$ cat start19.cif   # mmCIF, C-alpha atoms
data_final
#
loop_
_atom_site.label_atom_id
_atom_site.label_comp_id
_atom_site.auth_asym_id
_atom_site.auth_seq_id
_atom_site.Cartn_x
_atom_site.Cartn_y
_atom_site.Cartn_z
CA MET A 124 11.25 -4.48 17.67
CA SER A 125 8.33 -3.68 19.93
CA ASN A 126 4.95 -2.79 18.53
CA ALA A 127 5.23 0.80 19.83
CA GLU A 128 8.23 1.75 17.70
CA PHE A 129 8.52 3.08 14.18
CA PRO A 130 12.22 2.52 13.37
CA ARG A 131 14.07 3.54 10.21
CA GLN A 132 13.92 0.03 8.77
CA VAL A 133 10.13 0.21 8.39
CA ARG A 134 10.10 3.65 6.74
CA LEU A 135 10.57 4.63 3.12
CA LEU A 136 13.46 7.07 3.39
CA SER A 137 14.72 8.02 -0.06
CA ALA A 138 13.13 9.64 -3.08
CA GLY A 139 14.03 6.50 -5.04
CA ASP A 140 11.97 4.35 -2.67
CA TYR A 141 8.93 6.56 -3.23
CA ARG A 142 9.56 6.71 -6.99
CA ARG A 143 9.60 2.89 -7.26
CA VAL A 144 6.22 2.64 -5.53
CA PHE A 145 4.67 5.46 -7.57
CA SER A 146 5.89 4.13 -10.91
CA HIS A 147 5.30 0.40 -10.35
CA ALA A 148 2.51 -0.05 -7.79
CA ASP A 149 1.33 -3.67 -7.55
CA ALA A 150 -1.79 -2.84 -5.56
CA LYS A 151 -3.84 0.15 -4.53
CA ALA A 152 -6.67 0.86 -2.14
CA GLN A 153 -8.44 4.19 -1.93
CA THR A 154 -11.24 6.31 -0.61
CA GLN A 155 -12.02 9.94 -1.36
CA GLN A 156 -9.70 11.06 1.46
CA ILE A 157 -6.86 8.48 1.40
CA LEU A 158 -4.93 6.58 -1.28
CA ILE A 159 -2.55 3.70 -0.53
CA LEU A 160 -0.15 2.48 -3.21
CA ALA A 161 1.85 -0.68 -2.56
CA ARG A 162 4.71 -2.51 -4.24
CA ARG A 163 6.37 -5.80 -3.32
CA ASN A 164 9.83 -5.70 -1.77
CA THR A 165 12.40 -8.36 -0.94
CA LEU A 166 13.23 -7.15 2.57
CA GLY A 167 11.07 -9.56 4.54
CA HIS A 168 9.02 -6.75 6.13
CA SER A 169 6.74 -3.90 5.10
CA ARG A 170 7.78 -0.26 4.94
CA LEU A 171 5.66 2.89 5.04
CA GLY A 172 5.96 6.27 3.37
CA LEU A 173 3.61 9.19 4.01
CA VAL A 174 2.59 12.07 1.77
CA VAL A 175 0.39 14.67 3.45
CA ALA A 176 0.36 17.80 1.31
CA LYS A 177 -0.03 21.35 2.59
CA LYS A 178 -2.58 21.77 -0.17
CA HIS A 179 -4.99 19.43 1.67
CA ALA A 180 -4.07 20.17 5.31
CA LYS A 181 -2.72 23.68 5.69
CA ARG A 182 -1.90 23.55 9.40
CA ALA A 183 1.09 21.50 10.53
CA VAL A 184 -0.90 20.19 13.48
CA ASP A 185 -3.47 18.70 11.06
CA ARG A 186 -0.79 17.12 8.87
CA ASN A 187 0.99 15.67 11.89
CA GLN A 188 -2.22 14.24 13.31
CA ILE A 189 -3.01 12.51 10.01
CA LYS A 190 0.50 11.05 9.91
CA ARG A 191 0.34 9.86 13.53
CA ILE A 192 -2.95 8.05 12.96
CA ILE A 193 -1.71 6.39 9.76
CA ARG A 194 1.57 5.30 11.42
CA GLU A 195 -0.31 3.83 14.37
CA SER A 196 -2.64 1.91 12.07
CA PHE A 197 0.33 0.66 10.01
CA ARG A 198 2.04 -0.65 13.14
CA HIS A 199 -1.02 -2.72 13.98
CA HIS A 200 -1.37 -4.13 10.44
CA GLN A 201 2.31 -4.42 9.56
CA ALA A 202 2.54 -8.20 10.05
CA GLU A 203 -0.41 -8.76 7.69
CA LEU A 204 1.21 -6.65 4.94
CA GLU A 205 4.34 -8.77 4.63
CA ASN A 206 6.90 -7.58 2.05
CA PHE A 207 5.19 -4.43 0.80
CA ASP A 208 6.47 -0.89 0.39
CA CYS A 209 3.39 1.27 1.00
CA VAL A 210 2.90 4.96 0.29
CA VAL A 211 -0.13 6.60 1.87
CA LEU A 212 -1.30 9.86 0.29
CA SER A 213 -3.84 12.09 1.94
CA ARG A 214 -6.39 13.80 -0.24
CA ALA A 215 -8.74 16.71 0.22
CA GLY A 216 -11.09 16.08 3.12
CA ALA A 217 -8.75 13.89 5.19
CA LYS A 218 -8.27 16.68 7.73
CA ASP A 219 -12.04 17.03 8.13
CA LEU A 220 -12.42 13.48 9.47
CA ASP A 221 -12.21 12.97 13.21
CA LYS A 222 -9.56 10.64 14.63
CA ALA A 223 -11.83 7.61 14.92
CA GLN A 224 -13.19 7.98 11.38
CA LEU A 225 -9.71 8.36 9.91
CA ARG A 226 -8.39 5.37 11.86
CA ASP A 227 -11.32 3.16 10.81
CA MET A 228 -10.90 4.22 7.19
CA VAL A 229 -7.18 3.46 7.15
CA ASP A 230 -7.74 0.11 8.90
CA GLN A 231 -10.27 -0.82 6.21
CA LEU A 232 -7.84 0.20 3.47
CA TRP A 233 -5.10 -2.07 4.91
CA SER A 234 -7.59 -4.96 4.93
CA ARG A 235 -8.64 -4.19 1.35
CA LEU A 236 -5.00 -4.04 0.28
CA ARG A 237 -4.32 -7.41 1.92
CA ARG A 238 -7.30 -8.98 0.13
CA LYS A 239 -6.13 -7.57 -3.21
CA ARG A 240 -2.64 -8.94 -2.57
CA ASN A 241 -4.05 -12.40 -1.82
CA ALA A 242 -6.26 -12.31 -4.92
CA SER A 243 -3.35 -11.29 -7.16
CA GLN A 244 -1.19 -14.10 -5.76
CA LYS A 245 -3.88 -16.66 -6.59
CA ARG A 246 -4.28 -15.27 -10.13
CA SER A 247 -0.57 -15.23 -10.87
CA LYS A 248 -0.03 -18.94 -10.11
CA PRO A 249 -0.65 -21.19 -13.12
CA LYS A 250 -3.02 -24.04 -12.26
CA SER A 251 -1.23 -26.86 -14.09
CA GLY A 252 2.31 -25.76 -13.25
CA LYS A 253 2.91 -25.06 -16.95
CA PRO A 254 3.22 -21.56 -18.41
CA ASN A 255 0.07 -20.10 -19.89
CA LYS A 256 0.08 -20.00 -23.69
CA THR A 257 -1.34 -16.91 -25.29
CA ARG A 258 -1.27 -18.21 -28.86
CA PRO A 259 -2.46 -21.54 -30.24
CA PRO A 260 0.26 -23.72 -31.79
CA GLU A 261 1.11 -22.76 -35.37
CA SER A 262 0.32 -26.24 -36.70
CA ALA A 263 -3.32 -25.75 -35.71
CA ASN A 264 -3.53 -22.53 -37.75
CA GLN A 265 -2.31 -24.09 -41.01
CA SER A 266 -5.01 -25.33 -43.39
#
$ encode --input "start19.cif" --output "structure tokens"
Amino acid sequence: MSNAEFPRQVRLLSAGDYRRVFSHADAKAQTQQILILARRNTLGHSRLGLVVAKKHAKRAVDRNQIKRIIRESFRHHQAELENFDCVVLSRAGAKDLDKAQLRDMVDQLWSRLRRKRNASQKRSKPKSGKPNKTRPPESANQS
């Protein structure tokens, strides 16, 4: 797969794919204009879904431009986002940004998402290799 393509295998295609990300997002990165939700997958590569509502960008040309810029940014950061299903939602004001501003913002959000992913991986690993106990042993509570 060349870096200039956006094949079906790297896209979220079904409503169920979107629903899984919306209901069980592992990470999120956001600004006032863009929100990225992400959930781990077992596919070995990242996938992207886009939601650009008519409510926030009335003209099709504006919606398409937002999607093109986000797709291009995703292609460049895809290798760094290993094993994530990502949904990018545009918010009010996204259409008012120029191309360079939108691209920089989305690039920063991918980096933020990657940092959050790395931080959550470090937190989830127990230090001693033993499971974390949430309660003290019962023998210690008896007096």
$ closest_residue --input "start19.cif" --among "A:Lys181, A:Phe207, A:Met228, A:Phe197" --to "Leu166 in chain A" --atoms "only C-alpha atoms"
A:Phe207
$ residues_around --input "start19.cif" --residues "Gln188 in chain A" --least-positions-apart "4" --cutoff "9 Å" --atoms "only C-alpha atoms" --output "PyMOL selection string"
chain A and resi 183-184+192-193+218+222
$ atom_distance --input "start19.cif" --atom1 "CA of Gln132 in chain A" --atom2 "CA of Leu160 in chain A"
18.6 Å
$ resolve_selection --input "start19.cif" --expression "the PyMOL selection byres ((chain A and resi 154) around 10)" --output "PyMOL selection string"
chain A and resi 152-153+155-159+213-214+217+228-229+231-232
$ resolve_selection --input "start19.cif" --expression "the PyMOL selection byres ((chain A and resi 133) around 10)" --output "list in words"
Glu128, Phe129, Pro130, Arg131, Gln132, Arg134, Leu135, Leu136, Leu166, His168, Ser169, Arg170, Leu171, Gly172, Phe197, Arg198, Gln201 and Asp208 of chain A
$ atom_distance --input "start19.cif" --atom1 "CA of Val144 in chain A" --atom2 "CA of Ala180 in chain A"
23.0 Å
$ closest_residue --input "start19.cif" --among "A:Lys239, A:His179, A:Arg162, A:Arg186" --to "Cys209 in chain A" --atoms "all atoms listed in the file"
A:Arg162
$ closest_residue --input "start19.cif" --among "A:Ile189, A:Phe145, A:Leu212, A:Glu195" --to "Leu225 in chain A" --atoms "only C-alpha atoms"
A:Ile189
$ residues_around --input "start19.cif" --residues "His200 in chain A" --least-positions-apart "2" --cutoff "10 Å" --atoms "all atoms listed in the file" --output "list in words"
Ser169, Arg194, Glu195, Ser196, Phe197, Arg198, Ala202, Glu203, Leu204, Glu205, Asp230, Trp233, Ser234 and Arg237 of chain A
$ atom_distance --input "start19.cif" --atom1 "CA of Gly167 in chain A" --atom2 "CA of Asn206 in chain A"
5.2 Å
$ closest_residue --input "start19.cif" --among "A:Asp185, A:Val210, A:Lys178, A:Ala215" --to "Arg143 in chain A" --atoms "all atoms listed in the file"
A:Val210
